[in-house]
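The file final_31.txt comes next; it holds compact mmCIF, C-alpha atoms.
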# COMPACT_ATOMS: atom_id res chain seq x y z
CA MET A 1378 0.00 0.00 0.00
CA ASP A 1379 1.47 3.37 -0.96
CA VAL A 1380 1.83 6.30 1.41
CA GLN A 1381 -1.27 8.17 0.20
CA ALA A 1382 -3.39 5.07 0.59
CA ARG A 1383 -2.14 4.57 4.13
CA ILE A 1384 -2.85 8.23 4.97
CA LEU A 1385 -6.36 7.79 3.59
CA LYS A 1386 -6.80 4.67 5.68
CA VAL A 1387 -6.01 6.67 8.84
CA LEU A 1388 -8.28 9.50 7.73
CA GLN A 1389 -11.16 7.15 7.01
CA LYS A 1390 -10.75 5.50 10.39
CA VAL A 1391 -10.82 8.87 12.18
CA THR A 1392 -13.79 10.27 10.26
CA GLY A 1393 -15.66 6.97 9.93
CA LYS A 1394 -16.35 7.87 6.32
CA GLU A 1395 -15.30 6.28 3.03
CA ILE A 1396 -13.83 9.49 1.70
CA SER A 1397 -11.05 10.13 -0.78
CA PRO A 1398 -10.18 13.83 -0.80
CA GLY A 1399 -7.75 15.14 -3.38
CA ALA A 1400 -4.14 15.72 -2.41
CA ASP A 1401 -4.71 19.46 -2.07
CA ASP A 1402 -8.22 19.47 -0.64
CA SER A 1403 -8.35 21.07 2.81
CA LEU A 1404 -9.39 18.52 5.39
CA PHE A 1405 -9.98 21.16 8.02
CA VAL A 1406 -11.71 23.97 6.14
CA SER A 1407 -13.93 21.45 4.37
CA GLY A 1408 -15.14 20.22 7.74
CA LEU A 1409 -13.83 16.67 7.32
CA LEU A 1410 -11.72 17.17 10.43
CA ASP A 1411 -12.45 19.36 13.43
CA SER A 1412 -9.90 20.22 16.13
CA PHE A 1413 -10.41 16.98 18.00
CA ALA A 1414 -10.51 14.75 14.92
CA LEU A 1415 -7.31 16.41 13.74
CA THR A 1416 -5.69 15.37 17.01
CA ASP A 1417 -6.83 11.79 16.40
CA PHE A 1418 -5.60 11.99 12.80
CA VAL A 1419 -2.10 12.96 13.96
CA SER A 1420 -2.10 10.17 16.56
CA GLY A 1421 -3.25 7.73 13.88
CA LEU A 1422 -0.45 8.83 11.56
CA GLU A 1423 2.10 8.30 14.34
CA GLU A 1424 0.83 4.78 14.84
CA GLU A 1425 0.49 3.88 11.16
CA PHE A 1426 3.88 5.23 10.10
CA GLY A 1427 5.83 4.62 13.30
CA VAL A 1428 6.83 8.27 13.58
CA SER A 1429 6.70 10.70 16.48
CA VAL A 1430 5.14 14.09 15.83
CA PRO A 1431 6.73 16.54 18.29
CA ASP A 1432 4.56 19.13 20.03
CA SER A 1433 6.32 21.85 18.04
CA ASP A 1434 4.72 20.42 14.87
CA LEU A 1435 1.17 20.52 16.25
CA SER A 1436 -0.28 22.90 13.69
CA ALA A 1437 -3.32 22.36 11.52
CA ARG A 1438 -1.37 23.84 8.60
CA LYS A 1439 1.01 20.88 8.58
CA PHE A 1440 -1.78 18.30 8.40
CA ASP A 1441 -4.46 20.15 6.46
CA THR A 1442 -4.18 18.23 3.17
CA ILE A 1443 -3.16 14.73 2.15
CA GLY A 1444 -0.33 16.30 0.16
CA LYS A 1445 1.01 18.18 3.18
CA VAL A 1446 0.82 15.08 5.32
CA GLU A 1447 2.68 13.08 2.69
CA ALA A 1448 5.43 15.72 2.50
CA TYR A 1449 5.64 15.87 6.27
CA LEU A 1450 6.01 12.11 6.56
CA ALA A 1451 8.60 12.06 3.78
CA ALA A 1452 10.66 14.59 5.72
CA LYS A 1453 10.38 12.51 8.87
CA THR A 1454 11.64 9.28 7.32
CA MET B 786 3.31 22.00 54.36
CA ALA B 787 0.35 23.65 52.72
CA PHE B 788 -3.33 22.80 52.73
CA LEU B 789 -6.39 23.64 50.68
CA ARG B 790 -8.68 25.23 53.20
CA ALA B 791 -11.54 26.86 51.29
CA PHE B 792 -12.71 28.09 47.91
CA GLY B 793 -14.92 30.96 46.82
CA CYS B 794 -16.35 32.41 43.65
CA TRP B 795 -18.44 35.14 42.17
CA LEU B 796 -20.27 35.16 38.86
CA PRO B 797 -22.01 38.07 37.18
CA PRO B 798 -25.80 37.74 37.19
CA ARG B 799 -26.20 38.37 33.45
CA ARG B 800 -26.70 35.03 31.66
CA VAL B 801 -25.92 34.92 27.95
CA ASN B 802 -27.25 31.77 26.32
CA ASN B 803 -26.40 30.24 22.97
CA GLU B 804 -29.57 31.61 21.43
CA GLU B 805 -28.24 35.12 22.09
CA VAL B 806 -24.69 34.43 20.87
CA ALA B 807 -25.42 32.24 17.82
CA PRO B 808 -26.89 34.83 15.43
CA LEU B 809 -24.09 37.28 16.20
CA VAL B 810 -21.42 34.79 15.08
CA ASP B 811 -23.36 33.14 12.25
CA ALA B 812 -23.78 29.85 14.06
CA THR B 813 -26.59 27.84 15.61
CA PRO B 814 -27.15 27.24 19.33
CA GLU B 815 -26.92 23.51 18.67
CA TRP B 816 -23.51 23.87 17.00
CA ILE B 817 -22.15 25.88 19.92
CA LEU B 818 -23.32 23.20 22.35
CA GLU B 819 -21.89 20.40 20.20
CA VAL B 820 -18.41 21.87 19.77
CA SER B 821 -18.01 23.24 23.30
CA GLY B 822 -20.52 21.74 25.72
CA ILE B 823 -21.49 25.30 26.66
CA GLU B 824 -25.16 26.21 27.14
CA GLU B 825 -24.68 29.69 28.55
CA ARG B 826 -22.03 31.98 30.00
CA ARG B 827 -22.06 35.03 32.25
CA TYR B 828 -21.08 38.52 31.11
CA ALA B 829 -19.96 41.24 33.51
CA ALA B 830 -21.74 44.57 33.71
CA ASP B 831 -20.05 47.66 32.30
CA SER B 832 -19.38 48.84 35.84
CA ASP B 833 -17.53 45.61 36.78
CA THR B 834 -13.75 45.38 36.63
CA VAL B 835 -11.43 42.41 36.96
CA HIS B 836 -10.43 43.58 40.42
CA SER B 837 -14.02 44.28 41.52
CA ILE B 838 -15.21 40.77 40.65
CA GLY B 839 -11.98 39.29 42.02
CA LEU B 840 -12.65 41.08 45.29
CA LEU B 841 -16.12 39.52 45.52
CA ALA B 842 -14.67 36.02 45.01
CA ALA B 843 -11.96 36.76 47.57
CA GLN B 844 -14.53 37.87 50.14
CA ASN B 845 -16.64 34.78 49.46
CA CYS B 846 -13.60 32.55 49.96
CA LEU B 847 -12.61 34.23 53.23
CA GLN B 848 -16.19 33.92 54.46
CA ASN B 849 -16.25 30.21 53.57
CA ALA B 850 -12.97 29.74 55.44
CA GLY B 851 -13.96 31.81 58.45
CA VAL B 852 -10.78 33.81 58.06
CA THR B 853 -10.38 37.59 58.07
CA ALA B 854 -8.35 39.47 55.50
CA ALA B 855 -5.99 40.61 58.24
CA GLU B 856 -4.99 36.98 58.76
CA LEU B 857 -3.63 36.66 55.20
CA GLY B 858 0.10 36.49 54.59
CA MET B 859 -0.08 37.11 50.86
CA ILE B 860 -2.45 37.43 47.91
CA LEU B 861 -1.83 36.07 44.39
CA VAL B 862 -4.12 37.17 41.58
CA ALA B 863 -4.24 35.49 38.17
CA SER B 864 -5.81 37.24 35.21
CA GLY B 865 -5.20 37.36 31.49
CA SER B 866 -7.89 39.96 30.87
CA SER B 867 -7.06 42.64 33.40
CA ASP B 868 -8.28 46.14 32.58
CA ARG B 869 -4.94 47.58 33.59
CA PHE B 870 -1.54 46.02 33.08
CA CYS B 871 0.40 47.86 35.76
CA PRO B 872 -0.41 47.75 38.55
CA GLY B 873 -2.53 44.68 37.97
CA PRO B 874 -5.64 43.78 39.96
CA ALA B 875 -3.88 42.23 42.96
CA SER B 876 -3.12 45.48 44.76
CA GLN B 877 -6.66 46.77 44.28
CA ILE B 878 -8.14 43.52 45.57
CA ALA B 879 -5.92 43.82 48.65
CA ALA B 880 -7.03 47.41 49.10
CA GLY B 881 -10.65 46.33 48.73
CA LEU B 882 -10.08 43.82 51.53
CA GLY B 883 -8.84 46.67 53.72
CA LEU B 884 -5.19 45.67 53.55
CA ALA B 885 -2.45 48.27 53.23
CA SER B 886 0.74 46.28 53.75
CA THR B 887 0.05 42.64 52.89
CA PRO B 888 2.22 41.64 49.92
CA VAL B 889 0.51 40.74 46.67
CA LEU B 890 1.60 39.39 43.31
CA ASP B 891 -0.11 39.51 39.93
CA ILE B 892 0.08 36.46 37.68
CA PRO B 893 -0.83 37.78 34.22
CA VAL B 894 -1.45 34.32 32.78
CA ALA B 895 -4.75 33.37 31.16
CA SER B 896 -6.28 29.95 31.80
CA CYS B 897 -3.36 28.38 33.68
CA GLY B 898 -2.84 31.36 36.02
CA SER B 899 -4.79 30.07 38.98
CA LEU B 900 -3.02 26.69 38.84
CA ILE B 901 0.31 28.53 38.90
CA GLY B 902 -1.09 30.55 41.81
CA LEU B 903 -1.97 27.41 43.77
CA ALA B 904 1.49 25.96 43.14
CA LEU B 905 3.22 29.17 44.24
CA ALA B 906 0.94 29.42 47.27
CA ALA B 907 1.88 25.89 48.31
CA GLN B 908 5.52 26.94 48.34
CA LEU B 909 4.95 30.32 49.97
CA ALA B 910 2.46 29.40 52.70
CA PRO B 911 4.98 27.75 55.05
CA SER B 912 6.98 30.99 55.18
CA VAL B 913 4.44 33.81 54.72
CA GLY B 914 1.31 32.23 56.20
CA ARG B 915 -2.11 31.98 54.60
CA VAL B 916 -2.11 32.75 50.89
CA LEU B 917 -5.26 33.78 49.06
CA VAL B 918 -5.24 32.81 45.38
CA VAL B 919 -7.68 34.62 43.10
CA GLY B 920 -8.46 34.07 39.43
CA ALA B 921 -10.59 36.83 37.88
CA GLU B 922 -11.45 37.37 34.25
CA ILE B 923 -13.69 39.57 32.13
CA MET B 924 -13.13 37.72 28.89
CA SER B 925 -16.21 39.20 27.23
CA ARG B 926 -14.18 42.38 26.67
CA ARG B 927 -11.41 40.42 24.95
CA ILE B 928 -13.59 38.76 22.29
CA SER B 929 -15.53 39.98 19.28
CA LEU B 930 -19.01 38.60 18.78
CA LYS B 931 -18.72 38.42 15.02
CA PRO B 932 -18.58 35.51 12.54
CA ALA B 933 -14.85 35.83 11.84
CA ASP B 934 -14.08 35.21 15.51
CA LYS B 935 -16.80 32.71 16.32
CA ASN B 936 -14.46 29.95 17.48
CA SER B 937 -13.30 32.05 20.42
CA ALA B 938 -16.42 34.22 20.80
CA ILE B 939 -18.65 31.27 21.68
CA LEU B 940 -16.36 29.98 24.41
CA PHE B 941 -15.63 32.71 26.86
CA GLY B 942 -17.45 34.03 29.89
CA ASP B 943 -16.70 36.19 32.90
CA GLY B 944 -16.26 35.27 36.53
CA ALA B 945 -13.91 34.98 39.47
CA GLY B 946 -12.77 32.21 41.77
CA ALA B 947 -10.59 32.05 44.85
CA ALA B 948 -8.81 29.54 47.05
CA LEU B 949 -7.27 29.84 50.50
CA VAL B 950 -4.02 27.93 50.99
CA ASP B 951 -3.22 27.53 54.67
CA PRO B 952 0.11 26.36 56.17
CA GLU B 953 -1.58 24.52 59.03
CA ILE B 954 -5.13 23.35 58.37
CA GLY B 955 -7.38 22.40 55.50
CA PHE B 956 -9.37 19.56 53.96
CA ALA B 957 -6.52 18.41 51.69
CA ARG B 958 -2.73 18.69 51.72
CA ILE B 959 -1.04 19.95 48.59
CA ALA B 960 1.40 17.12 47.99
CA ASP B 961 3.06 17.98 44.68
CA PHE B 962 2.74 19.91 41.45
CA CYS B 963 4.32 20.18 38.04
CA LEU B 964 4.38 23.32 35.90
CA PHE B 965 5.55 23.72 32.32
CA THR B 966 6.00 26.52 29.78
CA ASP B 967 6.60 26.27 26.04
CA GLY B 968 7.05 29.69 24.52
CA THR B 969 7.78 28.28 21.09
CA SER B 970 4.02 27.96 20.57
CA SER B 971 3.03 31.24 22.22
CA GLU B 972 1.57 32.53 18.94
CA ILE B 973 -1.37 30.12 19.00
CA LEU B 974 -3.05 31.87 21.96
CA TYR B 975 -2.49 35.47 22.96
CA VAL B 976 -4.02 38.92 23.43
CA ARG B 977 -3.36 41.49 20.71
CA ASP B 978 -4.74 45.02 20.80
CA GLY B 979 -6.95 44.01 23.69
CA GLN B 980 -8.53 41.11 21.80
CA PHE B 981 -8.03 37.41 22.32
CA VAL B 982 -6.47 35.61 19.34
CA MET B 983 -6.66 31.83 19.22
CA ASP B 984 -5.68 29.09 16.78
CA GLY B 985 -8.30 26.75 18.14
CA ALA B 986 -7.11 23.63 16.34
CA ALA B 987 -3.55 24.02 17.55
CA VAL B 988 -4.70 24.78 21.10
CA ILE B 989 -6.80 21.62 21.19
CA MET B 990 -3.96 19.54 19.75
CA HIS B 991 -1.49 20.82 22.35
CA ALA B 992 -3.91 20.61 25.27
CA SER B 993 -5.03 17.09 24.31
CA ARG B 994 -1.46 15.92 24.66
CA LYS B 995 -0.02 18.11 27.38
CA MET B 996 -2.76 17.85 29.99
CA PRO B 997 -2.83 14.02 30.23
CA ARG B 998 0.96 13.98 30.09
CA ALA B 999 1.24 16.39 33.05
CA ILE B 1000 -1.29 14.41 35.09
CA ASN B 1001 0.43 11.12 34.32
CA GLU B 1002 3.82 12.53 35.28
CA LEU B 1003 2.47 13.84 38.57
CA LEU B 1004 0.65 10.65 39.48
CA THR B 1005 3.52 8.39 38.45
CA ARG B 1006 6.10 10.14 40.55
CA ASN B 1007 3.73 10.02 43.53
CA ARG B 1008 2.96 6.35 42.90
CA ILE B 1009 -0.75 7.01 42.55
CA GLY B 1010 -2.85 5.22 39.97
CA VAL B 1011 -5.43 7.05 37.88
CA ALA B 1012 -8.12 4.81 39.35
CA GLN B 1013 -7.25 6.02 42.86
CA VAL B 1014 -8.01 9.66 42.09
CA GLU B 1015 -11.27 10.78 43.67
CA GLU B 1016 -11.81 13.83 41.46
CA PHE B 1017 -10.13 15.60 38.59
CA LEU B 1018 -10.65 19.37 38.55
CA LEU B 1019 -9.64 20.82 35.19
CA HIS B 1020 -9.59 24.25 33.65
CA GLN B 1021 -13.02 24.45 32.05
CA ALA B 1022 -11.85 25.18 28.52
CA ASN B 1023 -14.15 22.99 26.47
CA LEU B 1024 -16.27 20.02 27.54
CA ASN B 1025 -14.97 17.95 24.63
CA LEU B 1026 -11.42 18.57 25.81
CA ILE B 1027 -12.29 17.41 29.33
CA THR B 1028 -13.78 14.24 27.84
CA ARG B 1029 -10.68 13.84 25.70
CA VAL B 1030 -8.37 14.11 28.73
CA ALA B 1031 -10.46 11.54 30.62
CA SER B 1032 -10.24 9.19 27.67
CA ALA B 1033 -6.47 9.63 27.31
CA LEU B 1034 -6.02 8.80 31.00
CA LYS B 1035 -8.46 5.87 30.73
CA ALA B 1036 -10.36 7.39 33.63
CA PRO B 1037 -14.14 7.48 34.06
CA ARG B 1038 -15.55 10.74 32.67
CA GLY B 1039 -17.69 10.97 35.80
CA ARG B 1040 -14.59 11.67 37.90
CA PHE B 1041 -14.02 14.92 35.99
CA PHE B 1042 -16.04 17.75 37.46
CA ALA B 1043 -17.53 20.00 34.80
CA ASN B 1044 -19.58 23.17 35.07
CA ILE B 1045 -18.60 24.70 31.74
CA ALA B 1046 -22.18 24.28 30.48
CA LYS B 1047 -23.28 27.05 32.85
CA TYR B 1048 -20.34 29.46 32.76
CA GLY B 1049 -18.38 28.86 29.56
CA ASN B 1050 -14.62 29.19 29.60
CA THR B 1051 -13.74 31.75 32.26
CA SER B 1052 -10.00 31.37 31.63
CA SER B 1053 -7.92 31.50 34.80
CA ALA B 1054 -11.04 31.83 36.97
CA SER B 1055 -12.53 28.55 35.78
CA LEU B 1056 -10.36 26.18 37.81
CA LEU B 1057 -11.25 27.88 41.08
CA ILE B 1058 -14.92 28.35 40.20
CA ALA B 1059 -15.07 24.63 39.43
CA ALA B 1060 -13.24 23.82 42.66
CA GLU B 1061 -15.68 25.94 44.67
CA GLU B 1062 -18.73 24.28 43.17
CA TRP B 1063 -17.23 20.81 43.50
CA HIS B 1064 -16.24 21.41 47.14
CA ARG B 1065 -19.61 22.92 48.02
CA GLY B 1066 -21.29 19.77 46.73
CA GLN B 1067 -19.22 17.42 48.88
CA THR B 1068 -21.09 15.82 51.76
CA ALA B 1069 -18.25 13.64 53.07
CA PRO B 1070 -14.57 14.29 53.79
CA LEU B 1071 -12.18 13.84 50.89
CA ALA B 1072 -11.34 10.14 50.67
CA GLY B 1073 -8.86 10.06 47.79
CA PRO B 1074 -6.41 12.19 45.85
CA LEU B 1075 -7.58 15.34 44.09
CA VAL B 1076 -5.92 16.38 40.84
CA PHE B 1077 -6.02 19.88 39.38
CA CYS B 1078 -4.90 20.51 35.82
CA ALA B 1079 -4.85 23.52 33.52
CA PHE B 1080 -3.53 24.57 30.14
CA GLY B 1081 -3.45 27.93 28.42
CA ALA B 1082 -1.68 30.85 26.85
CA GLY B 1083 2.07 30.87 27.09
CA LEU B 1084 1.85 28.03 26.54
CA ASN B 1085 1.61 27.28 30.23
CA TRP B 1086 0.25 24.06 31.67
CA GLY B 1087 0.59 21.81 34.65
CA ALA B 1088 -1.06 19.73 37.32
CA LEU B 1089 -1.32 19.80 41.10
CA LEU B 1090 -1.97 16.95 43.50
CA ALA B 1091 -3.80 17.30 46.81
CA VAL B 1092 -4.34 14.39 49.17
CA PRO B 1093 -6.73 13.80 52.06
CA VAL B 1094 -5.51 14.83 55.51
Now, as a test, write the supplied structure out as structure tokens.
Amino acid sequence: MDVQARILKVLQKVTGKEISPGADDSLFVSGLLDSFALTDFVSGLEEEFGVSVPDSDLSARKFDTIGKVEAYLAAKT
Amino acid sequence: MAFLRAFGCWLPPRRVNNEEVAPLVDATPEWILEVSGIEERRYAADSDTVHSIGLLAAQNCLQNAGVTAAELGMILVASGSSDRFCPGPASQIAAGLGLASTPVLDIPVASCGSLIGLALAAQLAPSVGRVLVVGAEIMSRRISLKPADKNSAILFGDGAGAALVDPEIGFARIADFCLFTDGTSSEILYVRDGQFVMDGAAVIMHASRKMPRAINELLTRNRIGVAQVEEFLLHQANLNLITRVASALKAPRGRFFANIAKYGNTSSASLLIAAEEWHRGQTAPLAGPLVFCAFGAGLNWGALLAVPV
């Protein structure tokens, strides 16, 4: 499974919806994620990809689109 | 040693419900309740000031303790919404209590200020005597009731709380505390030009992690299990956040006192207002540990442990 598919898997688990937003679609502004779901999304990414997101990276801007998440994870690994 | 002896509070009589706020911020009452757990909040009158409402909470606390102002060794006042920066409200509250030489200290920290005050009081009480901690906020003057600011506008309310920390007697002994500050994220929550600015998503993300972490650290080093804690008293920031912290700690939600539905987020006052209401409702002596926890601008956060005497 490629990275985008794994990110989508986490997103679908958090939202409980079979959604497939585009790489640049805002997850937050669109209402797919609220503040609390975003927190769960980040925790899910940590678990799925075995990375640790430091508190200093806790910004909605870093996790607002699938594309941004993918770039963030690429920089972490 | 230092003990929690009494709490007090004062809330403005004007109730502002979601039906009143919702149309001003282009939201619905149901949405406000869903995202915050808030049903109504109190707004201060134009004639109220941070120090005037703080004074009323202070007097209520002293009355509950059966202690006179002259018996105080020090007063600490937390507020992030004070009308005047320097001098802050502490000296005026002392003056209002009829004190002309008792030392006071302002803690200009929103949300976490009263927790910092309790921690400082625990350290100071053995040397200076009884310490009165006050948290007073008029947040309604730091928000804009308009759609662009709805995420913060719906949350905040006004009020004041107080606690008396006594070096000799009380219903619980302050056993330990932990305080933290992370200025690298100070831009997500601050006051600019007299108005509160908040990156709500970032605040929730930080608080969801930092509050359980602080509580776990405090309990672990005191060899106390989460299940042993009788009550968790948290800064009343958002009911969903309180639920989130309970879930992260794997603790029953029912052990987390919440009165945010009635008062909204009163910033640094909320912890002491919650403590006063919780304590007033107790019919039996404290049987287990009590944990306080707060998070807010700074970022500042921490937890405090009190145990039965």
Closest pair table for chain A residues within 8 Å of chain B, only C-alpha atoms, as JSON lines:
{"residue": "A:Asp1411", "atom": "CA", "partner": "B:Ala986", "partner_atom": "CA", "distance": 7.4}
{"residue": "A:Ser1412", "atom": "CA", "partner": "B:Ala986", "partner_atom": "CA", "distance": 4.4}
{"residue": "A:Phe1413", "atom": "CA", "partner": "B:Ile989", "partner_atom": "CA", "distance": 6.7}
{"residue": "A:Leu1415", "atom": "CA", "partner": "B:Met990", "partner_atom": "CA", "distance": 7.6}
{"residue": "A:Thr1416", "atom": "CA", "partner": "B:Met990", "partner_atom": "CA", "distance": 5.3}
{"residue": "A:Asp1432", "atom": "CA", "partner": "B:His991", "partner_atom": "CA", "distance": 6.7}
{"residue": "A:Ser1433", "atom": "CA", "partner": "B:Ser970", "partner_atom": "CA", "distance": 7.0}
{"residue": "A:Leu1435", "atom": "CA", "partner": "B:Ala987", "partner_atom": "CA", "distance": 6.0}
{"residue": "A:Ser1436", "atom": "CA", "partner": "B:Ala987", "partner_atom": "CA", "distance": 5.2}
{"residue": "A:Ala1437", "atom": "CA", "partner": "B:Ala987", "partner_atom": "CA", "distance": 6.3}
Taking (-22.8, 35.9, 39.6) in the file's coordinates, which residues come within 9 Å, counting all atoms listed in the file, written as a ChimeraX atom specification?
-> /B:794-800,827,829,944-945
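For the choices B:Ala910, B:Lys1047, B:Ala921, B:Ala999, the atom-to-atom distance to Asn803 of chain B is smallest for B:Lys1047 when using only C-alpha atoms.
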In terms of the shortest atom-to-atom distance over all atoms listed in the file, which of B:His1064, B:His836, B:Arg998, B:Arg915 is closest to Cys963 of chain B?
-> B:Arg998
Please provide the set of residues having any atom within 10 Å of Phe1426 of chain A, restricted to only C-alpha atoms, with same-chain residues fewer than 6 positions apart removed, written as a PyMOL selection string.
-> chain A and resi 1380+1383-1384+1450+1453-1454
So how many Å separate atom CA of Gly1408 of chain A and atom CA of Thr1051 of chain B, to one decimal?
->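 The value is 27.1 Å.
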How would segment 1054-1071 of chain B read, as an mmCIF file, in the coordinates of the input, once N, CA and C atoms are built in?
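Everything below was put into result36.cif:
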data_model
loop_
_atom_site.group_PDB
_atom_site.id
_atom_site.type_symbol
_atom_site.label_atom_id
_atom_site.label_comp_id
_atom_site.auth_asym_id
_atom_site.auth_seq_id
_atom_site.Cartn_x
_atom_site.Cartn_y
_atom_site.Cartn_z
ATOM 1 N N ALA B 1054 -10.080 31.938 35.871
ATOM 2 C CA ALA B 1054 -11.040 31.830 36.970
ATOM 3 C C ALA B 1054 -11.682 30.446 37.018
ATOM 4 N N SER B 1055 -11.698 29.752 35.883
ATOM 5 C CA SER B 1055 -12.530 28.550 35.780
ATOM 6 C C SER B 1055 -12.125 27.440 36.732
ATOM 7 N N LEU B 1056 -10.831 27.269 36.938
ATOM 8 C CA LEU B 1056 -10.360 26.180 37.810
ATOM 9 C C LEU B 1056 -10.880 26.372 39.230
ATOM 10 N N LEU B 1057 -10.849 27.607 39.699
ATOM 11 C CA LEU B 1057 -11.250 27.880 41.080
ATOM 12 C C LEU B 1057 -12.774 27.950 41.225
ATOM 13 N N ILE B 1058 -13.457 28.397 40.174
ATOM 14 C CA ILE B 1058 -14.920 28.350 40.200
ATOM 15 C C ILE B 1058 -15.378 26.887 40.240
ATOM 16 N N ALA B 1059 -14.741 26.059 39.432
ATOM 17 C CA ALA B 1059 -15.070 24.630 39.430
ATOM 18 C C ALA B 1059 -14.771 24.007 40.788
ATOM 19 N N ALA B 1060 -13.618 24.372 41.353
ATOM 20 C CA ALA B 1060 -13.240 23.820 42.660
ATOM 21 C C ALA B 1060 -14.256 24.221 43.728
ATOM 22 N N GLU B 1061 -14.710 25.476 43.663
ATOM 23 C CA GLU B 1061 -15.680 25.940 44.670
ATOM 24 C C GLU B 1061 -16.980 25.160 44.565
ATOM 25 N N GLU B 1062 -17.460 24.997 43.331
ATOM 26 C CA GLU B 1062 -18.730 24.280 43.170
ATOM 27 C C GLU B 1062 -18.582 22.810 43.551
ATOM 28 N N TRP B 1063 -17.460 22.212 43.152
ATOM 29 C CA TRP B 1063 -17.230 20.810 43.500
ATOM 30 C C TRP B 1063 -17.193 20.657 45.036
ATOM 31 N N HIS B 1064 -16.419 21.521 45.693
ATOM 32 C CA HIS B 1064 -16.240 21.410 47.140
ATOM 33 C C HIS B 1064 -17.551 21.660 47.883
ATOM 34 N N ARG B 1065 -18.329 22.611 47.400
ATOM 35 C CA ARG B 1065 -19.610 22.920 48.020
ATOM 36 C C ARG B 1065 -20.556 21.728 47.937
ATOM 37 N N GLY B 1066 -20.412 20.916 46.915
ATOM 38 C CA GLY B 1066 -21.290 19.770 46.730
ATOM 39 C C GLY B 1066 -20.861 18.528 47.488
ATOM 40 N N GLN B 1067 -19.722 18.605 48.159
ATOM 41 C CA GLN B 1067 -19.220 17.420 48.880
ATOM 42 C C GLN B 1067 -19.926 17.271 50.225
ATOM 43 N N THR B 1068 -20.392 16.064 50.494
ATOM 44 C CA THR B 1068 -21.090 15.820 51.760
ATOM 45 C C THR B 1068 -20.243 15.004 52.722
ATOM 46 N N ALA B 1069 -19.132 14.450 52.213
ATOM 47 C CA ALA B 1069 -18.250 13.640 53.070
ATOM 48 C C ALA B 1069 -16.823 14.138 52.908
ATOM 49 N N PRO B 1070 -15.976 13.862 53.901
ATOM 50 C CA PRO B 1070 -14.570 14.290 53.790
ATOM 51 C C PRO B 1070 -13.915 13.656 52.566
ATOM 52 N N LEU B 1071 -12.921 14.354 52.040
ATOM 53 C CA LEU B 1071 -12.180 13.840 50.890
ATOM 54 C C LEU B 1071 -11.584 12.480 51.239
#
